[in-house]
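Asks: Structure: work.pdb, PDB, C-alpha atoms.
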ATOM      1  CA  MET A  10       5.392  25.724  -2.031
ATOM      2  CA  THR A  11       5.336  22.179  -3.382
ATOM      3  CA  SER A  12       3.495  19.623  -1.273
ATOM      4  CA  VAL A  13       5.401  16.480  -0.385
ATOM      5  CA  ALA A  14       4.010  12.949  -0.623
ATOM      6  CA  ILE A  15       5.710   9.975   1.007
ATOM      7  CA  VAL A  16       5.172   6.519  -0.492
ATOM      8  CA  THR A  17       6.485   3.393   1.225
ATOM      9  CA  GLY A  18       7.198   0.211  -0.676
ATOM     10  CA  ALA A  19       7.949   2.388  -3.695
ATOM     11  CA  SER A  20      10.502   0.150  -5.400
ATOM     12  CA  SER A  21       7.947  -1.865  -7.370
ATOM     13  CA  GLY A  22       4.288  -2.577  -8.047
ATOM     14  CA  ILE A  23       1.612  -0.352  -6.562
ATOM     15  CA  GLY A  24       4.166   1.750  -4.685
ATOM     16  CA  ALA A  25       6.192   2.609  -7.781
ATOM     17  CA  ALA A  26       3.044   3.318  -9.806
ATOM     18  CA  THR A  27       1.736   5.552  -7.026
ATOM     19  CA  ALA A  28       5.001   7.480  -6.838
ATOM     20  CA  ARG A  29       4.865   8.123 -10.588
ATOM     21  CA  ARG A  30       1.235   9.180 -10.466
ATOM     22  CA  LEU A  31       1.609  11.520  -7.495
ATOM     23  CA  ALA A  32       4.632  13.165  -9.104
ATOM     24  CA  ALA A  33       2.487  13.727 -12.195
ATOM     25  CA  GLU A  34      -0.121  15.321  -9.907
ATOM     26  CA  GLY A  35       2.489  17.879  -8.807
ATOM     27  CA  PHE A  36       3.744  16.397  -5.528
ATOM     28  CA  HIS A  37       7.408  16.135  -4.690
ATOM     29  CA  VAL A  38       7.571  12.434  -3.866
ATOM     30  CA  LEU A  39       9.751  10.837  -1.224
ATOM     31  CA  ALA A  40       9.955   7.301  -2.591
ATOM     32  CA  ALA A  41      10.855   4.983   0.272
ATOM     33  CA  ALA A  42      11.920   1.335   0.042
ATOM     34  CA  ARG A  43      14.766  -1.035   0.878
ATOM     35  CA  ARG A  44      16.074  -1.516  -2.676
ATOM     36  CA  THR A  45      17.865   1.685  -3.504
ATOM     37  CA  ASP A  46      18.879   0.510  -6.976
ATOM     38  CA  ARG A  47      15.214   0.216  -7.924
ATOM     39  CA  LEU A  48      14.487   3.599  -6.380
ATOM     40  CA  ALA A  49      17.248   5.224  -8.419
ATOM     41  CA  GLU A  50      15.625   3.982 -11.637
ATOM     42  CA  LEU A  51      12.224   5.186 -10.451
ATOM     43  CA  ILE A  52      13.542   8.681  -9.727
ATOM     44  CA  LYS A  53      15.037   8.829 -13.219
ATOM     45  CA  GLU A  54      11.655   7.903 -14.725
ATOM     46  CA  ILE A  55       9.822  10.509 -12.680
ATOM     47  CA  GLU A  56      12.295  13.257 -13.536
ATOM     48  CA  ALA A  57      12.257  12.324 -17.234
ATOM     49  CA  ALA A  58       8.491  12.788 -17.158
ATOM     50  CA  GLY A  59       8.852  16.262 -15.645
ATOM     51  CA  GLY A  60       8.225  15.403 -11.997
ATOM     52  CA  THR A  61      10.383  15.646  -8.894
ATOM     53  CA  ALA A  62      11.205  12.948  -6.378
ATOM     54  CA  THR A  63      13.776  11.852  -3.839
ATOM     55  CA  ALA A  64      14.799   8.300  -3.026
ATOM     56  CA  VAL A  65      14.907   7.355   0.653
ATOM     57  CA  ALA A  66      16.274   4.005   1.792
ATOM     58  CA  CYS A  67      13.790   2.690   4.329
ATOM     59  CA  ASP A  68      12.914  -0.655   5.888
ATOM     60  CA  VAL A  69       9.527  -0.270   7.594
ATOM     61  CA  THR A  70      10.368  -3.131   9.986
ATOM     62  CA  SER A  71      13.209  -1.078  11.506
ATOM     63  CA  ASP A  72      12.601   1.727  14.018
ATOM     64  CA  GLU A  73      15.961   3.273  13.148
ATOM     65  CA  SER A  74      15.272   3.172   9.410
ATOM     66  CA  VAL A  75      11.845   4.762   9.830
ATOM     67  CA  ALA A  76      13.422   7.501  11.953
ATOM     68  CA  GLY A  77      15.664   8.177   8.958
ATOM     69  CA  LEU A  78      12.579   8.542   6.772
ATOM     70  CA  ALA A  79      11.152  11.088   9.211
ATOM     71  CA  ALA A  80      14.436  13.021   9.066
ATOM     72  CA  ALA A  81      14.270  13.013   5.263
ATOM     73  CA  ALA A  82      10.736  14.382   5.492
ATOM     74  CA  GLN A  83      11.961  17.275   7.627
ATOM     75  CA  ALA A  84      14.509  18.120   4.930
ATOM     76  CA  ALA A  85      11.974  17.876   2.095
ATOM     77  CA  PRO A  86      11.308  20.927  -0.115
ATOM     78  CA  GLY A  87       7.832  21.615   1.230
ATOM     79  CA  PRO A  88       5.183  20.566   3.734
ATOM     80  CA  VAL A  89       4.429  16.856   4.046
ATOM     81  CA  THR A  90       0.736  16.602   3.238
ATOM     82  CA  LEU A  91       0.386  12.986   2.124
ATOM     83  CA  LEU A  92       1.594   9.633   3.433
ATOM     84  CA  VAL A  93       0.836   6.470   1.487
ATOM     85  CA  ASN A  94       1.407   3.415   3.674
ATOM     86  CA  ASN A  95       1.843   0.924   0.855
ATOM     87  CA  ALA A  96       4.649  -1.373   2.034
ATOM     88  CA  GLY A  97       3.324  -4.867   2.664
ATOM     89  CA  GLY A  98       2.985  -8.320   1.227
ATOM     90  CA  ALA A  99       2.021 -11.948   1.711
ATOM     91  CA  ARG A 100       3.996 -15.107   2.383
ATOM     92  CA  GLY A 101       2.586 -18.573   1.911
ATOM     93  CA  LEU A 102      -0.857 -19.975   1.257
ATOM     94  CA  ASP A 103      -0.892 -22.579   4.002
ATOM     95  CA  PRO A 104      -3.800 -23.495   6.270
ATOM     96  CA  VAL A 105      -3.748 -22.213   9.831
ATOM     97  CA  GLU A 106      -2.854 -25.649  11.202
ATOM     98  CA  SER A 107       0.425 -25.780   9.281
ATOM     99  CA  GLY A 108       1.253 -22.144   8.591
ATOM    100  CA  ALA A 109       4.848 -21.109   9.281
ATOM    101  CA  ILE A 110       5.132 -18.839  12.322
ATOM    102  CA  GLY A 111       7.961 -16.980  10.601
ATOM    103  CA  ASP A 112       5.724 -16.129   7.641
ATOM    104  CA  TRP A 113       3.005 -14.829   9.948
ATOM    105  CA  GLN A 114       5.530 -12.733  11.888
ATOM    106  CA  TRP A 115       6.911 -11.239   8.697
ATOM    107  CA  MET A 116       3.444 -10.361   7.389
ATOM    108  CA  TYR A 117       2.460  -8.772  10.690
ATOM    109  CA  ASP A 118       5.684  -6.797  10.988
ATOM    110  CA  VAL A 119       5.579  -5.429   7.441
ATOM    111  CA  ASN A 120       1.853  -4.825   7.004
ATOM    112  CA  VAL A 121       0.770  -3.876  10.510
ATOM    113  CA  LEU A 122       3.746  -2.701  12.542
ATOM    114  CA  GLY A 123       5.268  -1.103   9.450
ATOM    115  CA  THR A 124       2.147   0.996   9.021
ATOM    116  CA  LEU A 125       2.226   1.845  12.730
ATOM    117  CA  ARG A 126       5.897   2.846  12.740
ATOM    118  CA  VAL A 127       5.677   5.060   9.675
ATOM    119  CA  THR A 128       2.395   6.675  10.712
ATOM    120  CA  GLN A 129       3.703   7.516  14.178
ATOM    121  CA  ALA A 130       6.896   8.962  12.720
ATOM    122  CA  LEU A 131       5.193  11.138  10.102
ATOM    123  CA  LEU A 132       2.000  12.198  11.889
ATOM    124  CA  PRO A 133       3.545  15.338  13.456
ATOM    125  CA  ALA A 134       4.594  16.624  10.019
ATOM    126  CA  LEU A 135       1.234  15.762   8.462
ATOM    127  CA  GLU A 136      -0.634  17.579  11.208
ATOM    128  CA  ALA A 137       1.702  20.575  11.049
ATOM    129  CA  SER A 138       0.878  20.963   7.345
ATOM    130  CA  GLY A 139      -2.692  21.826   8.279
ATOM    131  CA  ALA A 140      -4.054  19.539   5.572
ATOM    132  CA  GLY A 141      -2.602  16.085   6.017
ATOM    133  CA  THR A 142      -3.771  12.823   4.482
ATOM    134  CA  ILE A 143      -2.842   9.274   5.475
ATOM    135  CA  VAL A 144      -3.586   6.565   2.932
ATOM    136  CA  ILE A 145      -3.416   2.976   4.138
ATOM    137  CA  VAL A 146      -3.264   0.417   1.352
ATOM    138  CA  SER A 147      -4.917  -2.643   2.861
ATOM    139  CA  SER A 148      -6.813  -5.245   0.833
ATOM    140  CA  THR A 149     -10.168  -6.937   0.396
ATOM    141  CA  ALA A 150      -8.436  -9.491   2.637
ATOM    142  CA  GLY A 151      -8.890  -6.862   5.348
ATOM    143  CA  PHE A 152     -12.567  -7.714   5.627
ATOM    144  CA  THR A 153     -12.944 -11.153   3.991
ATOM    145  CA  VAL A 154     -11.114 -14.346   4.928
ATOM    146  CA  TYR A 155     -10.321 -17.267   2.647
ATOM    147  CA  GLU A 156      -8.809 -20.713   3.000
ATOM    148  CA  GLY A 157      -5.036 -20.646   3.067
ATOM    149  CA  GLY A 158      -4.975 -16.931   3.716
ATOM    150  CA  GLY A 159      -5.077 -16.914   7.509
ATOM    151  CA  GLY A 160      -1.805 -15.084   8.044
ATOM    152  CA  TYR A 161      -2.351 -12.498   5.330
ATOM    153  CA  THR A 162      -5.999 -11.845   6.172
ATOM    154  CA  ALA A 163      -5.129 -11.538   9.861
ATOM    155  CA  ALA A 164      -2.496  -8.919   9.035
ATOM    156  CA  LYS A 165      -4.778  -7.020   6.664
ATOM    157  CA  HIS A 166      -7.681  -7.131   9.140
ATOM    158  CA  ALA A 167      -5.303  -5.559  11.668
ATOM    159  CA  GLN A 168      -4.212  -2.924   9.155
ATOM    160  CA  THR A 169      -7.852  -2.099   8.450
ATOM    161  CA  ALA A 170      -8.417  -1.791  12.201
ATOM    162  CA  ILE A 171      -5.580   0.730  12.403
ATOM    163  CA  ALA A 172      -7.217   2.846   9.696
ATOM    164  CA  GLY A 173     -10.608   2.906  11.400
ATOM    165  CA  THR A 174      -9.201   3.541  14.859
ATOM    166  CA  LEU A 175      -6.889   6.286  13.640
ATOM    167  CA  ARG A 176      -9.764   8.051  11.904
ATOM    168  CA  LEU A 177     -11.688   8.143  15.178
ATOM    169  CA  GLU A 178      -8.685   9.331  17.162
ATOM    170  CA  LEU A 179      -7.816  12.112  14.703
ATOM    171  CA  CYS A 180     -11.355  13.464  14.483
ATOM    172  CA  GLY A 181     -11.163  17.250  14.878
ATOM    173  CA  ARG A 182      -7.537  17.420  13.774
ATOM    174  CA  PRO A 183      -6.479  18.348  10.205
ATOM    175  CA  VAL A 184      -5.525  14.845   9.095
ATOM    176  CA  ARG A 185      -7.852  12.562   7.174
ATOM    177  CA  VAL A 186      -7.475   8.790   6.916
ATOM    178  CA  ILE A 187      -8.231   6.906   3.694
ATOM    179  CA  GLU A 188      -8.228   3.147   3.293
ATOM    180  CA  ILE A 189      -7.737   1.608  -0.156
ATOM    181  CA  ASP A 190      -8.743  -2.051  -0.456
ATOM    182  CA  PRO A 191      -7.718  -3.669  -3.754
ATOM    183  CA  GLY A 192      -8.859  -7.120  -4.785
ATOM    184  CA  MET A 193      -7.009  -9.094  -7.442
ATOM    185  CA  VAL A 194      -4.052  -7.035  -8.694
ATOM    186  CA  ARG A 195      -1.433  -8.510 -11.014
ATOM    187  CA  THR A 196       1.981  -7.074 -10.225
ATOM    188  CA  ASP A 197       5.492  -8.320 -10.916
ATOM    189  CA  GLU A 198       6.323  -9.359  -7.372
ATOM    190  CA  PHE A 199       3.335  -9.968  -5.068
ATOM    191  CA  GLY A 200       2.778 -13.559  -6.173
ATOM    192  CA  LEU A 201       6.494 -14.328  -6.387
ATOM    193  CA  VAL A 202       6.999 -13.227  -2.784
ATOM    194  CA  ARG A 203       3.948 -15.166  -1.632
ATOM    195  CA  PHE A 204       5.112 -18.383  -3.284
ATOM    196  CA  GLY A 205       8.812 -18.119  -2.502
ATOM    197  CA  GLY A 206       9.819 -17.202  -6.050
ATOM    198  CA  ASP A 207       7.774 -19.942  -7.770
ATOM    199  CA  ALA A 208       6.773 -18.171 -11.007
ATOM    200  CA  ASP A 209       4.354 -20.915 -12.067
ATOM    201  CA  LYS A 210       2.354 -20.728  -8.845
ATOM    202  CA  ALA A 211       2.343 -16.940  -9.026
ATOM    203  CA  ALA A 212       1.047 -16.986 -12.602
ATOM    204  CA  ALA A 213      -1.643 -19.573 -11.787
ATOM    205  CA  THR A 214      -3.369 -17.047  -9.528
ATOM    206  CA  TYR A 215      -4.347 -14.999 -12.581
ATOM    207  CA  ALA A 216      -4.821 -17.861 -15.072
ATOM    208  CA  GLY A 217      -7.813 -17.222 -17.301
ATOM    209  CA  VAL A 218      -8.773 -14.000 -15.535
ATOM    210  CA  PRO A 219      -9.609 -11.369 -18.154
ATOM    211  CA  GLU A 220      -7.954  -8.089 -17.218
ATOM    212  CA  PRO A 221      -7.074  -8.308 -13.535
ATOM    213  CA  LEU A 222      -6.230  -4.959 -11.997
ATOM    214  CA  VAL A 223      -2.704  -3.638 -12.494
ATOM    215  CA  ALA A 224      -0.658  -1.366 -10.251
ATOM    216  CA  GLU A 225      -1.618   1.751 -12.192
ATOM    217  CA  ASP A 226      -5.314   1.104 -11.507
ATOM    218  CA  VAL A 227      -4.726   1.186  -7.773
ATOM    219  CA  ALA A 228      -2.416   4.206  -8.068
ATOM    220  CA  ASP A 229      -5.236   5.996  -9.874
ATOM    221  CA  CYS A 230      -7.586   5.284  -6.953
ATOM    222  CA  ILE A 231      -5.007   6.481  -4.427
ATOM    223  CA  ALA A 232      -4.349   9.690  -6.337
ATOM    224  CA  TRP A 233      -8.047  10.411  -6.840
ATOM    225  CA  SER A 234      -8.853   9.908  -3.158
ATOM    226  CA  ALA A 235      -5.886  11.953  -1.975
ATOM    227  CA  THR A 236      -6.571  14.904  -4.284
ATOM    228  CA  ARG A 237     -10.222  15.469  -3.312
ATOM    229  CA  PRO A 238     -10.862  18.718  -1.406
ATOM    230  CA  HIS A 239      -9.520  18.212   2.086
ATOM    231  CA  HIS A 240     -12.953  18.291   3.724
ATOM    232  CA  VAL A 241     -13.869  15.208   1.647
ATOM    233  CA  ASN A 242     -12.754  11.985   3.364
ATOM    234  CA  VAL A 243     -13.010   8.810   1.317
ATOM    235  CA  ASP A 244     -13.129   6.460   4.295
ATOM    236  CA  ARG A 245     -12.786   3.232   2.315
ATOM    237  CA  LEU A 246     -12.440   2.547  -1.391
ATOM    238  CA  VAL A 247     -12.856  -1.089  -2.458
ATOM    239  CA  VAL A 248     -11.628  -1.812  -5.979
ATOM    240  CA  ARG A 249     -11.727  -5.128  -7.810
ATOM    241  CA  PRO A 250     -11.454  -6.154 -11.448
ATOM    242  CA  LEU A 251     -14.763  -6.746 -13.209
ATOM    243  CA  ALA A 252     -13.967 -10.476 -13.295
ATOM    244  CA  GLN A 253     -13.847 -10.676  -9.485
ATOM    245  CA  ALA A 254     -17.298 -10.381  -7.956
ATOM    246  CA  ALA A 255     -16.058 -11.417  -4.521
ATOM    247  CA  GLN A 256     -13.016 -12.982  -2.894
ATOM    248  CA  HIS A 257     -14.303 -16.466  -3.763
ATOM    249  CA  LYS A 258     -16.070 -15.635  -7.059
ATOM    250  CA  VAL A 259     -13.726 -15.032  -9.997
ATOM    251  CA  HIS A 260     -14.602 -15.453 -13.669
ATOM    252  CA  ARG A 261     -11.893 -17.368 -15.532
ATOM    253  CA  VAL A 262     -12.084 -17.840 -19.291
ATOM    254  CA  GLY A 263     -12.187 -21.488 -20.297
ATOM    255  CA  GLN A 264     -12.741 -22.756 -16.770
TER     256      GLN A 264
END
Can you give me the file's structure in the form of structure tokens?
Replies:
Amino acid sequence: MTSVAIVTGASSGIGAATARRLAAEGFHVLAAARRTDRLAELIKEIEAAGGTATAVACDVTSDESVAGLAAAAQAAPGPVTLLVNNAGGARGLDPVESGAIGDWQWMYDVNVLGTLRVTQALLPALEASGAGTIVIVSSTAGFTVYEGGGGYTAAKHAQTAIAGTLRLELCGRPVRVIEIDPGMVRTDEFGLVRFGGDADKAAATYAGVPEPLVAEDVADCIAWSATRPHHVNVDRLVVRPLAQAAQHKVHRVGQ
């Protein structure tokens, strides 16, 4: 019977790349996101490549919507063995003293409470499979702070705390917990969301950086970690581009 993987935030970026990659690995993918038009295109791509997937409209900030995702999982064509908590994002790059409360609330609700809602809803199915895996896509911001990143790093630190705590609490049960922590990843939307649609500011983040990571690089890490033998738990995988030695140390050509 085909194993089922659930990927949140699957309409773009790392989520979409992960959905494609897991389908190529043989999973039936439940691709979950708010933008159903994007999901429809993704499903077409996956099916054209020989994979199988189902689009599920889901807003991880809504209890009711996440309950709908759990219902879709129950109707899936096989056991749910993998959950990739990928939905998240950043808003603003303001110092703590002037950061917008609304931005902080949004980041906490999507990154932290979204992960909590979806994990709680899907954990029974993952455990029932006898070989469940929860992947939490956090960030290097989950263990390193930087100026202007107070809201985002606070949310990602909290998400990292969920991963570590959950691993302790599930010890002895057939569900492993994997944390993926990407550094600088250039995707179509992360920077645009962070800077309120300002394309110039979004592009400046990667100016002069030779070969930042792309979504497919992170999807590769997720797929590799999730397809190890089930007794192998990759607790935390930190992945950065070669040009980024640390959060504050980035090589930029010509600078």
Asks: I'd like to see the residues matched by the PyMOL selection byres ((chain A and resi 106) around 12) on this file, and ideally I'd get them as a compact mmCIF listing (two decimals) with C-alpha atoms, in the frame of the given file.
Replies:
# COMPACT_ATOMS: atom_id res chain seq x y z
CA LEU A 102 -0.86 -19.98 1.26
CA ASP A 103 -0.89 -22.58 4.00
CA PRO A 104 -3.80 -23.50 6.27
CA VAL A 105 -3.75 -22.21 9.83
CA SER A 107 0.42 -25.78 9.28
CA GLY A 108 1.25 -22.14 8.59
CA ALA A 109 4.85 -21.11 9.28
CA ILE A 110 5.13 -18.84 12.32
CA GLU A 156 -8.81 -20.71 3.00
CA GLY A 157 -5.04 -20.65 3.07
CA GLY A 158 -4.97 -16.93 3.72
CA GLY A 159 -5.08 -16.91 7.51
CA GLY A 160 -1.80 -15.08 8.04
Asks: Give me the residues within 9 Å of Arg261 (chain A) as a list in words, counting all atoms listed in the file and dropping any in the same chain fewer than 2 places off.
Replies: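 In the requested form, the answer reads Tyr215, Ala216, Gly217, Val218, Pro219, Ala252, Val259, Gly263 and Gln264 of chain A.
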Asks: Would you put the residues from that selection into a file with C-alpha atoms, as a PDB file, in the coordinates of the input?
Replies:
ATOM      1  CA  TYR A 215      -4.347 -14.999 -12.581  1.00  0.00           C
ATOM      2  CA  ALA A 216      -4.821 -17.861 -15.072  1.00  0.00           C
ATOM      3  CA  GLY A 217      -7.813 -17.222 -17.301  1.00  0.00           C
ATOM      4  CA  VAL A 218      -8.773 -14.000 -15.535  1.00  0.00           C
ATOM      5  CA  PRO A 219      -9.609 -11.369 -18.154  1.00  0.00           C
ATOM      6  CA  ALA A 252     -13.967 -10.476 -13.295  1.00  0.00           C
ATOM      7  CA  VAL A 259     -13.726 -15.032  -9.997  1.00  0.00           C
ATOM      8  CA  GLY A 263     -12.187 -21.488 -20.297  1.00  0.00           C
ATOM      9  CA  GLN A 264     -12.741 -22.756 -16.770  1.00  0.00           C
TER      10      GLN A 264
END
Asks: As an exercise, work out the distance from CA of Gly77 (chain A) to CA of Ala26 (chain A) in Å and give it to one decimal place.
Replies: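 Straight-line distance from CA of Gly77 (chain A) to CA of Ala26 (chain A) works out to 23.1 Å.
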Asks: I need every residue sitting at most 12 Å from the point (9.6, 6.9, -0.9) (coordinates as in the file, only C-alpha atoms considered), written as number ranges by chain.
Replies: A: 13-21, 24-29, 31-32, 37-45, 47-49, 51-52, 61-69, 75, 77-79, 81-82, 85, 91-96, 127
Asks: Write the residues you've just listed into a file as an mmCIF file, in the frame of the given file, and include C-alpha atoms for each of them.
Replies:
data_model
loop_
_atom_site.group_PDB
_atom_site.id
_atom_site.type_symbol
_atom_site.label_atom_id
_atom_site.label_comp_id
_atom_site.auth_asym_id
_atom_site.auth_seq_id
_atom_site.Cartn_x
_atom_site.Cartn_y
_atom_site.Cartn_z
ATOM 1 C CA VAL A 13 5.401 16.480 -0.385
ATOM 2 C CA ALA A 14 4.010 12.949 -0.623
ATOM 3 C CA ILE A 15 5.710 9.975 1.007
ATOM 4 C CA VAL A 16 5.172 6.519 -0.492
ATOM 5 C CA THR A 17 6.485 3.393 1.225
ATOM 6 C CA GLY A 18 7.198 0.211 -0.676
ATOM 7 C CA ALA A 19 7.949 2.388 -3.695
ATOM 8 C CA SER A 20 10.502 0.150 -5.400
ATOM 9 C CA SER A 21 7.947 -1.865 -7.370
ATOM 10 C CA GLY A 24 4.166 1.750 -4.685
ATOM 11 C CA ALA A 25 6.192 2.609 -7.781
ATOM 12 C CA ALA A 26 3.044 3.318 -9.806
ATOM 13 C CA THR A 27 1.736 5.552 -7.026
ATOM 14 C CA ALA A 28 5.001 7.480 -6.838
ATOM 15 C CA ARG A 29 4.865 8.123 -10.588
ATOM 16 C CA LEU A 31 1.609 11.520 -7.495
ATOM 17 C CA ALA A 32 4.632 13.165 -9.104
ATOM 18 C CA HIS A 37 7.408 16.135 -4.690
ATOM 19 C CA VAL A 38 7.571 12.434 -3.866
ATOM 20 C CA LEU A 39 9.751 10.837 -1.224
ATOM 21 C CA ALA A 40 9.955 7.301 -2.591
ATOM 22 C CA ALA A 41 10.855 4.983 0.272
ATOM 23 C CA ALA A 42 11.920 1.335 0.042
ATOM 24 C CA ARG A 43 14.766 -1.035 0.878
ATOM 25 C CA ARG A 44 16.074 -1.516 -2.676
ATOM 26 C CA THR A 45 17.865 1.685 -3.504
ATOM 27 C CA ARG A 47 15.214 0.216 -7.924
ATOM 28 C CA LEU A 48 14.487 3.599 -6.380
ATOM 29 C CA ALA A 49 17.248 5.224 -8.419
ATOM 30 C CA LEU A 51 12.224 5.186 -10.451
ATOM 31 C CA ILE A 52 13.542 8.681 -9.727
ATOM 32 C CA THR A 61 10.383 15.646 -8.894
ATOM 33 C CA ALA A 62 11.205 12.948 -6.378
ATOM 34 C CA THR A 63 13.776 11.852 -3.839
ATOM 35 C CA ALA A 64 14.799 8.300 -3.026
ATOM 36 C CA VAL A 65 14.907 7.355 0.653
ATOM 37 C CA ALA A 66 16.274 4.005 1.792
ATOM 38 C CA CYS A 67 13.790 2.690 4.329
ATOM 39 C CA ASP A 68 12.914 -0.655 5.888
ATOM 40 C CA VAL A 69 9.527 -0.270 7.594
ATOM 41 C CA VAL A 75 11.845 4.762 9.830
ATOM 42 C CA GLY A 77 15.664 8.177 8.958
ATOM 43 C CA LEU A 78 12.579 8.542 6.772
ATOM 44 C CA ALA A 79 11.152 11.088 9.211
ATOM 45 C CA ALA A 81 14.270 13.013 5.263
ATOM 46 C CA ALA A 82 10.736 14.382 5.492
ATOM 47 C CA ALA A 85 11.974 17.876 2.095
ATOM 48 C CA LEU A 91 0.386 12.986 2.124
ATOM 49 C CA LEU A 92 1.594 9.633 3.433
ATOM 50 C CA VAL A 93 0.836 6.470 1.487
ATOM 51 C CA ASN A 94 1.407 3.415 3.674
ATOM 52 C CA ASN A 95 1.843 0.924 0.855
ATOM 53 C CA ALA A 96 4.649 -1.373 2.034
ATOM 54 C CA VAL A 127 5.677 5.060 9.675
#
Asks: Would you mind telling me which residue in A:Val223, A:Ala99, A:Ile171, A:Tyr161 lies nearest to Gln129 (chain A) when using all atoms listed in the file?
Replies: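 Of A:Val223, A:Ala99, A:Ile171, A:Tyr161, the one nearest Gln129 (chain A), counting all atoms listed in the file, is A:Ile171.
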Asks: For the file shown, what are the residues hit by the PyMOL selection byres ((chain A and resi 222) around 12), laid out as a list of chain:residue names?
Replies: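 Applying the PyMOL selection byres ((chain A and resi 222) around 12) to the structure shown produces A:Gly22, A:Ile23, A:Pro191, A:Gly192, A:Met193, A:Val194, A:Arg195, A:Thr196, A:Tyr215, A:Val218, A:Pro219, A:Glu220, A:Pro221, A:Val223, A:Ala224, A:Glu225, A:Asp226, A:Val227, A:Ala228, A:Asp229, A:Cys230, A:Val248, A:Arg249, A:Pro250, A:Leu251, A:Ala252, A:Gln253.
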Asks: Which is closer to Ala170 (chain A) than all the others in A:Gly123, A:Pro133, A:Gly151, A:Gly60, using only C-alpha atoms?
Replies: A:Gly151
Asks: Measure the distance from CA of Leu131 (chain A) to CA of His166 (chain A) in Å and round it to one decimal.
Replies: 22.4 Å
Asks: Return the single residue from A:Pro86, A:Val184, A:Ala150, A:Lys53 that is closest to Ala163 (chain A), with distances computed using all atoms listed in the file.
Replies: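 Of A:Pro86, A:Val184, A:Ala150, A:Lys53, the one nearest Ala163 (chain A), counting all atoms listed in the file, is A:Ala150.
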Asks: Select, from A:Tyr117, A:Phe199, A:Trp233, A:Phe152, the residue with the minimum atom-to-atom distance to Ala255 (chain A), counting only C-alpha atoms.
Replies: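 Result for the nearest residue to Ala255 (chain A): A:Phe152.
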Asks: Hey, can you check how far CA of Ala232 (chain A) sits from CA of Arg203 (chain A)?
Replies: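 The value is 26.6 Å.
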Asks: Taking all atoms of region 29-46 of chain A that appear in the file, build a box with edges along x, y and z, extend it by 3 Å on every side, and state its centre and edge lengths in Å to one decimal, as lines of an AutoDock Vina configuration file.
Replies:
center_x = 9.4
center_y = 8.2
center_z = -5.7
size_x = 25.0
size_y = 25.4
size_z = 19.1
Asks: Would you pick out the contacts of Ser138 (chain A) at 8 Å or less, using all atoms listed in the file, so that residues sharing its chain but fewer than 2 positions from it are not included, and give the list as number ranges by chain?
Replies: A: 88-90, 134-136, 140-141
Asks: Which one of A:Glu198, A:Asp244, A:Asp72, A:Asp190 sits closest to Gly173 (chain A) if you count all atoms listed in the file?
Replies: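 Residue with the minimum atom-to-atom distance to Gly173 (chain A): A:Asp244.
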Asks: With all atoms listed in the file as the basis for distance, which of A:Val186, A:Asp112, A:Ala172, A:Tyr155 is at the shortest distance from His239 (chain A)?
Replies: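 Closest candidate: A:Val186.
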Asks: Given the point (-1.8, -14.5, -6.7) in the file's coordinates, find the residues that have an atom at most 6 Å from it, counting all atoms listed in the file, and give them as a list of chain:residue names.
Replies: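 Checking each residue against the 6 Å limit leaves A:Gly200, A:Ala211, A:Thr214.
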Asks: Just save region 83-90 of chain A with N, CA, C and O atoms, as a short mmCIF file (atom, residue, chain, number, x, y, z; two decimals), in the first residue's frame.
Replies:
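The new file out_11.cif reads:
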data_model
loop_
_atom_site.label_atom_id
_atom_site.label_comp_id
_atom_site.auth_asym_id
_atom_site.auth_seq_id
_atom_site.Cartn_x
_atom_site.Cartn_y
_atom_site.Cartn_z
N GLN A 83 -7.52 10.90 6.56
CA GLN A 83 -8.24 9.66 6.82
C GLN A 83 -8.75 9.02 5.54
O GLN A 83 -8.87 7.80 5.44
N ALA A 84 -9.02 9.86 4.54
CA ALA A 84 -9.54 9.37 3.26
C ALA A 84 -8.43 9.07 2.25
O ALA A 84 -8.72 8.68 1.12
N ALA A 85 -7.19 9.25 2.65
CA ALA A 85 -6.06 9.07 1.74
C ALA A 85 -5.89 7.59 1.37
O ALA A 85 -6.32 6.70 2.11
N PRO A 86 -5.23 7.32 0.24
CA PRO A 86 -5.13 5.94 -0.26
C PRO A 86 -4.02 5.11 0.38
O PRO A 86 -3.40 4.28 -0.28
N GLY A 87 -3.78 5.30 1.65
CA GLY A 87 -2.74 4.54 2.32
C GLY A 87 -2.45 5.12 3.69
O GLY A 87 -3.02 6.16 4.08
N PRO A 88 -1.56 4.50 4.44
CA PRO A 88 -1.23 5.00 5.77
C PRO A 88 -0.43 6.30 5.71
O PRO A 88 0.43 6.47 4.85
N VAL A 89 -0.73 7.21 6.61
CA VAL A 89 0.02 8.47 6.69
C VAL A 89 1.29 8.20 7.50
O VAL A 89 1.23 7.96 8.71
N THR A 90 2.42 8.22 6.82
CA THR A 90 3.69 7.93 7.49
C THR A 90 4.60 9.14 7.62
O THR A 90 5.59 9.09 8.35
#
